[in-house]
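Enquirer: Take this structure first; my questions come after.
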Amino acid sequence: MPAPIKRILLADHDHEFAMSLAYACTRRGLDWEVSEARTCDEALGKLQQIPIDAIIADARFAGGSGVKLLHAVTDRHPRISRIILSDQPTEELMLGSLGAAHQYLAKPCSLAELIAAVSRLEALDSFFMKDPLRRLANRIQRLPSPPTVCLRLVNELARSDATTDSVGAIIARDSGLTARVLQVANSAFFKPEHPVVNAPEAVQVLGFNLVKSLALSQGLSTTLGPAPTGELDPERLYRHSLGTGLLAQTIARDQGGDTEAVDAAFTAGILHDTGKLVFASALPELYTKAVQRAAEESIPQWQSEAEVIGIGHAEIGAYLLGLWGLPSSIVEAVAWHHEPRRHDPQTSNVLTAIHVADYLESQRWPASRRRLVVKVDEPYMQSLQLAPRMEDWAEIAEPSA
């Protein structure tokens, strides 16, 4: 059965660029159909007439209304992937496009860069085939961020002796804010020489002023947003995520991982339960039912989520992070951290570190307070000949009082 046509809408005044994109897709053997729009009304009209998979809008489109167009697309067609182009990556543009754009590309943008960006989004579509949940992920604009983290960050940034490490350490306390600064730092606007995989490095790339603005915007959205379900304890989630990140970092280093892999393991640990925040904020009633069912039947929470909601927190979290353009090593580790055999059982990597760390960290809680079931994939560990190392790594994760 042939693959479905990928339909791209280019909202840009540059007709030659659109023609070049269509020609490049044909030469590469991509079954993509490229349409053009010269005004916002024309763009929105085409979205009503034909099924569009991705829209690429120039920030200067229609007199500077490119961002407004993407916000309208977010409201009316949330399933469509959204990319913004700009030759002036100002702070105002970055903040104004939060929630409207999944990925950012700086102009002049090569056709190869643009095709690569759309290809990454297409790869996500092939992995997440449940359209109603894709709609849910596209509607998520900002993940919850505890107000205390925002306040600590603003206070730290006001200090004359603040450093990228001290600011990054505060950001790492919150998975939502970590995801946001990594999304922006990895965008083509900043042209990083290599994937930015930790908060301090993101602070160095972005600068204090933009980080402060991102934090304030994140904190405001949380204050105005719906209250999270009572089944999600933000403080306990933070402690578990931080502990998982620290342990995963140690495991990755122990397995001979390079600096990038070790940093990615820590960040993936901070973000591995991002999907729980998504569910608690967007589907509180279903999430509560899934958590309660997992406890009553003594089954893993991700399994209960799949039965009640239709997908687990690992997958929806990874999908959202993938839309935001985070490095693939982090997205893959988040996506399969409960079922690593679904990925690549032949290689010990960041995913392995997260899978083991998540399990060991969950065992730190006394049985009387351990409500959720977390299991280690023993066949996976045996296939990598890592089962004997579990005892050594378990000694690092000392039981909680």
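Each chain in the structure tokens gets a letter, A, B and so on, in the order shown; residues start at 1 in every chain, and ligands are counted from 1 in the order they appear.
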I want to know what sits within 10 Å of Arg239 of chain A, based on only C-alpha atoms, with residues of the same chain fewer than 6 positions away left out; could you give that as a ChimeraX atom specification?
Expert: /A:173-174,245,270,361
Enquirer: Quick one: residues within 12 Å of Phe208 of chain A, only C-alpha atoms, excluding same-chain residues fewer than 6 positions away - as a CSV table (one decimal) with N, CA, C and O atoms, in the first residue's frame?
Expert:
```csv
chain,number,residue,atom,x,y,z
A,91,GLU,N,13.6,38.5,20.6
A,91,GLU,CA,13.0,37.9,21.8
A,91,GLU,C,11.5,38.1,21.7
A,91,GLU,O,10.7,37.2,22.1
A,153,LEU,N,14.0,31.2,40.0
A,153,LEU,CA,14.8,31.5,38.8
A,153,LEU,C,14.9,33.0,38.7
A,153,LEU,O,16.0,33.5,38.4
A,154,VAL,N,13.8,33.7,38.8
A,154,VAL,CA,13.8,35.2,38.7
A,154,VAL,C,14.8,35.8,39.8
A,154,VAL,O,15.6,36.7,39.5
A,155,ASN,N,14.7,35.3,41.0
A,155,ASN,CA,15.6,35.8,42.1
A,155,ASN,C,17.0,35.5,41.8
A,155,ASN,O,17.9,36.3,42.0
A,156,GLU,N,17.3,34.3,41.3
A,156,GLU,CA,18.7,33.9,40.9
A,156,GLU,C,19.2,34.8,39.8
A,156,GLU,O,20.4,35.3,39.9
A,157,LEU,N,18.4,35.1,38.8
A,157,LEU,CA,18.9,35.9,37.7
A,157,LEU,C,19.1,37.3,38.1
A,157,LEU,O,19.9,38.1,37.4
A,158,ALA,N,18.5,37.8,39.2
A,158,ALA,CA,18.7,39.1,39.7
A,158,ALA,C,20.0,39.3,40.5
A,158,ALA,O,20.5,40.4,40.7
A,159,ARG,N,20.7,38.2,40.8
A,159,ARG,CA,21.9,38.2,41.6
A,159,ARG,C,23.1,38.5,40.6
A,159,ARG,O,23.1,38.1,39.5
A,160,SER,N,24.0,39.3,41.1
A,160,SER,CA,25.2,39.8,40.3
A,160,SER,C,26.1,38.6,40.1
A,160,SER,O,26.9,38.6,39.1
A,162,ALA,N,25.2,35.4,39.5
A,162,ALA,CA,24.5,34.3,38.9
A,162,ALA,C,25.3,33.7,37.8
A,162,ALA,O,26.0,34.5,37.0
A,163,THR,N,25.3,32.4,37.6
A,163,THR,CA,26.1,31.8,36.5
A,163,THR,C,25.1,30.9,35.7
A,163,THR,O,24.0,30.6,36.1
A,164,THR,N,25.6,30.4,34.6
A,164,THR,CA,24.8,29.5,33.8
A,164,THR,C,24.5,28.2,34.5
A,164,THR,O,23.5,27.6,34.4
A,165,ASP,N,25.5,27.8,35.4
A,165,ASP,CA,25.3,26.6,36.2
A,165,ASP,C,24.2,26.8,37.2
A,165,ASP,O,23.4,25.9,37.5
A,166,SER,N,24.3,27.9,37.9
A,166,SER,CA,23.3,28.1,39.0
A,166,SER,C,21.9,28.3,38.4
A,166,SER,O,20.9,27.8,39.0
A,167,VAL,N,21.8,29.0,37.3
A,167,VAL,CA,20.5,29.2,36.7
A,167,VAL,C,20.0,27.9,36.1
A,167,VAL,O,18.8,27.5,36.3
A,168,GLY,N,20.9,27.1,35.5
A,168,GLY,CA,20.5,25.8,34.9
A,168,GLY,C,20.1,24.8,35.9
A,168,GLY,O,19.2,24.0,35.7
A,171,ILE,N,16.4,25.6,36.7
A,171,ILE,CA,15.6,25.2,35.6
A,171,ILE,C,15.4,23.7,35.6
A,171,ILE,O,14.3,23.2,35.3
A,181,VAL,N,13.1,25.5,27.5
A,181,VAL,CA,14.4,26.1,27.1
A,181,VAL,C,15.2,25.3,26.2
A,181,VAL,O,16.0,25.8,25.3
A,200,PRO,N,22.0,24.0,31.8
A,200,PRO,CA,23.1,25.0,31.8
A,200,PRO,C,23.6,25.4,30.4
A,200,PRO,O,23.8,26.6,30.1
A,201,GLU,N,23.7,24.4,29.5
A,201,GLU,CA,24.2,24.7,28.2
A,201,GLU,C,23.1,25.5,27.4
A,201,GLU,O,23.4,26.4,26.7
A,202,ALA,N,21.8,25.2,27.7
A,202,ALA,CA,20.7,26.0,27.1
A,202,ALA,C,20.8,27.5,27.6
A,202,ALA,O,20.6,28.4,26.8
A,214,LEU,N,11.2,33.5,29.2
A,214,LEU,CA,10.5,32.2,29.1
A,214,LEU,C,10.0,31.7,30.4
A,214,LEU,O,8.9,31.2,30.4
A,215,ALA,N,10.7,31.9,31.5
A,215,ALA,CA,10.3,31.4,32.8
A,215,ALA,C,9.0,32.2,33.2
A,215,ALA,O,8.1,31.6,33.7
```
Enquirer: Return the single residue from A:Gly269, A:Val308, A:Asp263, A:Pro195 that is closest to Glu285 of chain A, with distances computed using only C-alpha atoms.
Expert: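 Using only C-alpha atoms, Glu285 of chain A sits closest to A:Val308.
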Enquirer: If you measure from atom CA of Ala318 of chain A to atom CA of Leu247 of chain A, what distance in Å do you get, rounded to one decimal?
Expert: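 If I compute the distance from atom CA of Ala318 of chain A to atom CA of Leu247 of chain A, I get 20.2 Å.
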Enquirer: What's the 9 Å shell around segment 66-69 of chain A, counting only C-alpha atoms, without same-chain residues fewer than 6 positions away, as an MDAnalysis selection string?
Expert: chainID A and resid 11:12 40 43:44 57:60 84:85 93 96:97 100:101
Enquirer: Any chance you could list, as a count of residues only, the residues in segment 194-320 of chain A that come up alpha helix (DSSP H) when DSSP is run on the backbone?
Expert: 98
Enquirer: What's around segment 102-115 of chain A at 6 Å? Count only C-alpha atoms, leave out sequence neighbours fewer than 3 positions away in its own chain, and write the answer as a list of chain:residue names.
Expert: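 In the requested format, the answer is A:Arg82, A:Ile83, A:Ile84, A:Leu85, A:Ser86, A:Asp87, A:Val118, A:Ser119, A:Ser187, A:Ala188, A:Phe189, A:Leu323, A:Trp324.
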Enquirer: Residues at most 10 Å from Glu231 of chain A, counting only C-alpha atoms, excluding those fewer than 5 positions away in the same chain, as a ChimeraX atom specification?
Expert: /A:276,280,284-285,287-292
